[in-house]
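Okay, so here's the structure we're looking at.
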Amino acid sequence: MAKKVAVIGAGVSGLISLKCCVDEGLEPTCFERTEDIGGLWRFIENVEDGRASIYQSVITNTSKEMSCFSDFPMPEDFPNFLHNSKLLEYFRIFAQKFDLLKYIQFQTTVLSVKKCSDFSSSGQWEVVTETKGKEQRAVFDAVMVCSGHHIVPHIPLESLPGIEKFKGQYFHSRQYKHPEGLEGKHILVIGLGNSASDIAVELSKKAAQVFISTRKGSWVISRISECGYPWDVVLHTRFMSMLQNVLPRTLQKWMMERQMNQWFNHENYGLEPQNRYLMKEVVVNDDLPSRILCGAVKVKSRVTELRETSAIFEDGTVEEDIDAIVFATGYTCSFPFLEDSLVKVEDNMVSLYKYVFPPQLEKSTLACIGLIQPLGSIFPTVELQARWVTRVFKGVCTLPSEKTMMADISKRNKKRIDLFGESKSQMLQTHYIDYLDELALEIGAKPDLLSLVLKDPKLALKLYFGPCNSYQYRLVGPGR
C-alpha cells in the first residue's frame with residue numbers, strides 16, 4: 001500500500017515535492033492556503049498574512065538553464081532571466097504536464113502537525129487543516145514542509161534608537177509592491193541584499209532622493225558576464241567549485257576581489273564588503289552602479305539614530321527630510337503549525353541534517369524542503385532535496401544515527417560560520433555545487449566523472465568545465 005504524504009505549500013518546493021512523490025509511488029496530498037500555485041513567485045497586489053510577498057518588477061537572479069527542473073527544460077522562447085509572471089507560467093506548464101493540480105487542496109490552512117500516539121513505531125503524523133472555517137483531521141505516513149522562509153519579516157527596530165520619534169512612514173520590503181505613492185520623496189532603504197538593491201533602483205527613478213544604508217557592504221554583479229553569457233553559466237562550474245575547495249583562502253580572496261571589481265571598483269562606490277575573507281551571497285543588479293554614479297542613489301553607512309525627520313549614520317553624517325524608510329532586512333524562520341522542538345532555529349543556526357531532516361525523530365518521516373540559501377539557483381536545490389526525501393520515505397535510502405547527524409550539523413555549522421560569518425542573513429547559506437553533489441550522492445545521481453572520462457571524454461570535459469545545471473543529475477541513478 002502506498003504511503004500517504006502531506007505536502008504543505010504549493011510553491012516551487014511543494015510542486016517539485018508532489019512530482020517526486022508520484023515518481024516514487026507515494027500518495028501525496030498538498031495543502032495550499034491560497035487559491036493558486038506559485039507561492040513566493042505569484043505576485044498579487046495585496047500583502048496577505050501567512051503568505052510570501054514580492055514586488056511587481058521582480059526578475060530572477062539565476063538564468064533559465066540553471067534554474068529549470070532536471071527533466072523539464074524551460075521553453076526555448078523564454079528569456080534567459082524571467083519576470084515573475086514568466087516563471088509562474090513555467091510552474092503552471094510544469095504542473096499541467098505532470099498532472100499535479102489534482103493532488104492540491106486549495107484554500108486550506110494547516111493548523112497543526114503532531115506525532116501520532118504510536119509514532120515511535122508507525123512514524124505517522126496527525127495533520128489538522130481548516131478549509132472555509134471547517135476543521136479536518138487526517139493521518140499521514142510522512143510530511144514535507146514546503147511553506148518557505150520568506151513570510152515573517154525581520155524588522156530590527158530595537159537597534160534603531162529614535163524610531164519612535166520618526167514622523168515619516170516605515171515598512172518592511174515585504175509590503176513594497178511598486179513606486180506609486182513614493183514619488184518625489186526622500187527615501188532611506190536599510191539593507192543591501194537583492195531586494196534592497198532592486199527597490200532602491202526602482203524608487204530612484206521616481207523619488208527625489210534614495211539613500212541605501214549598509215552595515216558591511218556587498219559585492220554587486222551584473223546578470224551579464226563574460227562574452228554576454230549569464231553570470232551563473234560562467235561562475236557555477238565544477239572546475240570553479242574545485243578551485244574554491246583547494247586554493248588557500250588568501251588566494252581565493254584575491255581572485256574574488258579581482259573578479260568582482262572587473263565591472264566597477266566597489267571601494268569607489270562605497271560598496272566594498274568589510275570582511276572580504278567571508279563568502280557572501282552576491283547582489284545581482286544591472287543598474288545599481290549607474291544609479292549611484294548619477295547620484296540618484298547614495299550609499300550610506302549603518303544607521304545609528306533616527307530623529308523626527310532625519311537619520312544619523314555611523315560615519316557621523318546626517319541626512320535630513322527623510323519621508324520613508326524601507327526595511328529590506330530579511331525574514332525570520334517560522335513554522336507555526338509545528339512544535340518548536342521539531343525544527344529548532346536558535347543562535348542563528350538551523351538544527352536539521354543537511355538542512356532537511358530533524359535528527360532527533362525516532363522515524364525520519366518529516367522533512368523541510370527549501371529551508372536553505374545556496375549560492376546558486378534554489379530550484380535544482382529543492383528538486384534534489386525532494387528526490388532524496390521521497391526515497392527516504394519510500395525506504396530506499398536510509399539516514400545515519402542521531403549521533404552521526406548531530407555531529408554533521410555541528411561540523412556544517414562551524415564550516416558555515418568560517419565561510420560566511422555568523423550574521424542572521426547567512427544562517428541558511430551553503431556552497432552550491434558541493435551541496436547539490438552531496439544530495440545527489442545520497443540517491444546515486446551524482447555523475448561519475450572519472451568513469452565518464454573513459455566512456456565519453458568530451459561529455460566529461462563539458463560536465464567539469466561547463467555550467468553545472470540540473471540536467472547533470474539525470475545522467476545516472478533514479479529517473480535518468
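Just remember, in the C-alpha cells the first chain shown is A, the second B, etc., residues are 1-based per chain, and ligands are 1-based in the order shown.
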
Stretch 289-480 of chain A: which residues are alpha helix (DSSP H) by DSSP, as number ranges by chain? A: 289-293, 378-394, 402-420, 433-443, 449-455, 457-465

Distance query A:Gln124 at most 10 Å, only C-alpha atoms, self and fewer than 4 positions along chain excluded, as a list in words: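 With the cut-off at 10 Å, the set is Lys4, Val5, Lys114, Lys115, Cys116, Ser117, Asp118, Phe119, Ser120, Val139, Phe140, Asp141, Ala142, Val143, Lys363, Thr365 and Leu366 of chain A.
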
Find the distance between atom CA of A:Thr29 and atom CA of A:Met74 and write it in Å to one decimal.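 According to the coordinates, atom CA of A:Thr29 and atom CA of A:Met74 are separated by 25.9 Å.
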
Write out as a list of chain:residue names the residues lying within 8 Å of stretch 102-113 of chain A, counting only C-alpha atoms and excluding same-chain residues fewer than 6 positions away.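 My reading of the contact set: A:Ile8, A:Ala10, A:Leu18, A:Pro28, A:Thr29, A:Cys30, A:Phe31, A:Glu32, A:Arg33, A:Thr34, A:Glu35, A:Asp36, A:Trp125, A:Glu126, A:Val127, A:Val128, A:Thr129, A:Glu130, A:Thr131, A:Lys132, A:Pro336, A:Phe337, A:Leu338, A:Glu339.
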
Give me, as a compact mmCIF listing (two decimals) with N, CA and C atoms, in the first residue's frame, all polymer residues having an atom no more than 9 Å from A:Val12, counting only C-alpha atoms and skipping those fewer than 2 positions away in the same chain.
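The resulting file, selection15.txt, is reproduced below:
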```txt
# COMPACT_ATOMS: atom_id res chain seq x y z
N GLY A 9 2.16 23.44 1.26
CA GLY A 9 2.53 24.56 0.38
C GLY A 9 2.65 24.13 -1.06
N ALA A 10 2.13 24.96 -1.97
CA ALA A 10 2.16 24.65 -3.41
C ALA A 10 2.98 25.68 -4.18
N GLY A 14 6.81 22.85 -3.05
CA GLY A 14 5.67 21.96 -2.97
C GLY A 14 5.39 21.25 -4.28
N LEU A 15 5.50 21.98 -5.40
CA LEU A 15 5.22 21.37 -6.70
C LEU A 15 6.22 20.27 -7.03
N ILE A 16 7.52 20.54 -6.81
CA ILE A 16 8.51 19.51 -7.13
C ILE A 16 8.40 18.36 -6.15
N SER A 17 7.99 18.61 -4.92
CA SER A 17 7.80 17.53 -3.94
C SER A 17 6.65 16.63 -4.37
N ILE A 37 -1.36 28.13 -7.23
CA ILE A 37 0.01 27.68 -7.04
C ILE A 37 0.99 28.85 -7.21
N GLY A 38 2.24 28.60 -6.96
CA GLY A 38 3.27 29.60 -7.24
C GLY A 38 3.99 30.14 -6.03
N GLY A 39 3.30 30.16 -4.86
CA GLY A 39 3.94 30.63 -3.65
C GLY A 39 4.54 32.02 -3.80
N LEU A 40 5.78 32.15 -3.43
CA LEU A 40 6.52 33.43 -3.48
C LEU A 40 6.43 34.09 -4.85
N TRP A 41 6.41 33.27 -5.92
CA TRP A 41 6.54 33.81 -7.27
C TRP A 41 5.22 34.25 -7.91
N PHE A 91 5.87 27.29 -14.01
CA PHE A 91 5.33 26.40 -12.98
C PHE A 91 3.96 25.85 -13.39
N CYS A 146 6.92 22.58 2.97
CA CYS A 146 7.36 23.34 1.79
C CYS A 146 6.82 24.76 1.81
N GLY A 370 13.53 23.37 0.99
CA GLY A 370 13.71 24.78 0.64
C GLY A 370 14.14 25.68 1.77
N PHE A 379 16.00 26.33 -7.33
CA PHE A 379 15.11 25.34 -7.94
C PHE A 379 15.75 23.95 -8.08
N VAL A 382 16.07 22.47 -4.41
CA VAL A 382 14.90 21.86 -3.78
C VAL A 382 14.49 20.58 -4.51
```

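Nearest-residue note for A:Pro380: choosing from A:Asp418, A:Asp437, A:Glu135, A:Glu402, the minimum distance belongs to A:Asp437, counting only C-alpha atoms.
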
Quick one: pull the distance between atom CA of A:Leu463 and atom CA of A:Pro374, Å, one decimal.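 According to the coordinates, atom CA of A:Leu463 and atom CA of A:Pro374 are separated by 19.9 Å.
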
Nearest to A:Ala95, chosen from A:Pro447, A:Gly11, A:Gly168, A:Gly123, with only C-alpha atoms counted in the distances: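 That would be A:Gly11, the residue with the smallest distance to A:Ala95.
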
One-decimal distance in Å that lies between atom CA of A:Ser173 and atom CA of A:Leu271: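 Pair atom CA of A:Leu271 / atom CA of A:Ser173 returns 20.4 Å.
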
Check the smallest atom-to-atom distance from each of A:Val152, A:Val318, A:Met144, A:Leu26 to A:Ala367 using only C-alpha atoms, then report the winner. A:Met144

Using only C-alpha atoms, which protein or nucleic acid residues come within 10 Å of A:Val343? Drop anything in the same chain fewer than 4 positions from it, and give the result as a PyMOL selection string. chain A and resi 333-335+338-339+350-352+356-360+366-368

For the residues in that selection, give me N, CA, C and O atoms as a PDB file, in the first residue's frame.
```pdb
ATOM      1  N   CYS A 333      12.622  32.713  10.307  1.00  0.00           N
ATOM      2  CA  CYS A 333      12.046  31.379  10.038  1.00  0.00           C
ATOM      3  C   CYS A 333      10.907  31.108  11.016  1.00  0.00           C
ATOM      4  O   CYS A 333      11.067  31.303  12.227  1.00  0.00           O
ATOM      5  N   SER A 334       9.787  30.655  10.506  1.00  0.00           N
ATOM      6  CA  SER A 334       8.637  30.394  11.367  1.00  0.00           C
ATOM      7  C   SER A 334       7.773  29.282  10.777  1.00  0.00           C
ATOM      8  O   SER A 334       7.436  29.312   9.586  1.00  0.00           O
ATOM      9  N   PHE A 335       7.433  28.317  11.636  1.00  0.00           N
ATOM     10  CA  PHE A 335       6.548  27.223  11.231  1.00  0.00           C
ATOM     11  C   PHE A 335       5.504  27.054  12.333  1.00  0.00           C
ATOM     12  O   PHE A 335       5.627  26.175  13.198  1.00  0.00           O
ATOM     13  N   LEU A 338       4.050  23.657  13.486  1.00  0.00           N
ATOM     14  CA  LEU A 338       4.924  22.626  14.033  1.00  0.00           C
ATOM     15  C   LEU A 338       5.271  22.925  15.487  1.00  0.00           C
ATOM     16  O   LEU A 338       5.345  24.089  15.887  1.00  0.00           O
ATOM     17  N   GLU A 339       5.515  21.889  16.282  1.00  0.00           N
ATOM     18  CA  GLU A 339       6.037  22.084  17.629  1.00  0.00           C
ATOM     19  C   GLU A 339       7.443  22.674  17.522  1.00  0.00           C
ATOM     20  O   GLU A 339       8.212  22.309  16.635  1.00  0.00           O
ATOM     21  N   VAL A 350      20.214  26.450  12.197  1.00  0.00           N
ATOM     22  CA  VAL A 350      19.085  25.554  11.987  1.00  0.00           C
ATOM     23  C   VAL A 350      19.554  24.118  12.215  1.00  0.00           C
ATOM     24  O   VAL A 350      20.460  23.638  11.538  1.00  0.00           O
ATOM     25  N   SER A 351      18.936  23.448  13.188  1.00  0.00           N
ATOM     26  CA  SER A 351      19.367  22.086  13.542  1.00  0.00           C
ATOM     27  C   SER A 351      18.647  21.048  12.688  1.00  0.00           C
ATOM     28  O   SER A 351      17.759  20.328  13.158  1.00  0.00           O
ATOM     29  N   LEU A 352      19.028  20.990  11.427  1.00  0.00           N
ATOM     30  CA  LEU A 352      18.481  19.999  10.508  1.00  0.00           C
ATOM     31  C   LEU A 352      19.630  19.279   9.799  1.00  0.00           C
ATOM     32  O   LEU A 352      20.606  19.921   9.385  1.00  0.00           O
ATOM     33  N   VAL A 356      17.635  19.492   6.035  1.00  0.00           N
ATOM     34  CA  VAL A 356      16.388  18.841   5.623  1.00  0.00           C
ATOM     35  C   VAL A 356      15.687  18.102   6.770  1.00  0.00           C
ATOM     36  O   VAL A 356      14.514  18.337   7.043  1.00  0.00           O
ATOM     37  N   PHE A 357      16.380  17.178   7.440  1.00  0.00           N
ATOM     38  CA  PHE A 357      15.748  16.276   8.402  1.00  0.00           C
ATOM     39  C   PHE A 357      16.046  16.661   9.853  1.00  0.00           C
ATOM     40  O   PHE A 357      17.209  16.846  10.210  1.00  0.00           O
ATOM     41  N   PRO A 358      14.987  16.739  10.714  1.00  0.00           N
ATOM     42  CA  PRO A 358      15.232  16.862  12.157  1.00  0.00           C
ATOM     43  C   PRO A 358      15.912  15.575  12.640  1.00  0.00           C
ATOM     44  O   PRO A 358      15.396  14.484  12.393  1.00  0.00           O
ATOM     45  N   PRO A 359      17.045  15.682  13.313  1.00  0.00           N
ATOM     46  CA  PRO A 359      17.809  14.482  13.637  1.00  0.00           C
ATOM     47  C   PRO A 359      17.272  13.674  14.811  1.00  0.00           C
ATOM     48  O   PRO A 359      17.609  12.502  14.972  1.00  0.00           O
ATOM     49  N   GLN A 360      16.410  14.303  15.626  1.00  0.00           N
ATOM     50  CA  GLN A 360      16.012  13.674  16.880  1.00  0.00           C
ATOM     51  C   GLN A 360      14.796  12.756  16.757  1.00  0.00           C
ATOM     52  O   GLN A 360      14.408  12.108  17.734  1.00  0.00           O
ATOM     53  N   LEU A 366       9.561  13.301   8.625  1.00  0.00           N
ATOM     54  CA  LEU A 366       9.254  14.718   8.421  1.00  0.00           C
ATOM     55  C   LEU A 366      10.493  15.386   7.838  1.00  0.00           C
ATOM     56  O   LEU A 366      11.610  15.142   8.295  1.00  0.00           O
ATOM     57  N   ALA A 367      10.279  16.208   6.827  1.00  0.00           N
ATOM     58  CA  ALA A 367      11.408  16.876   6.157  1.00  0.00           C
ATOM     59  C   ALA A 367      11.019  18.288   5.755  1.00  0.00           C
ATOM     60  O   ALA A 367       9.856  18.571   5.442  1.00  0.00           O
ATOM     61  N   CYS A 368      12.011  19.170   5.784  1.00  0.00           N
ATOM     62  CA  CYS A 368      11.827  20.556   5.319  1.00  0.00           C
ATOM     63  C   CYS A 368      12.465  20.700   3.947  1.00  0.00           C
ATOM     64  O   CYS A 368      13.637  20.358   3.765  1.00  0.00           O
TER      65      CYS A 368
END
```
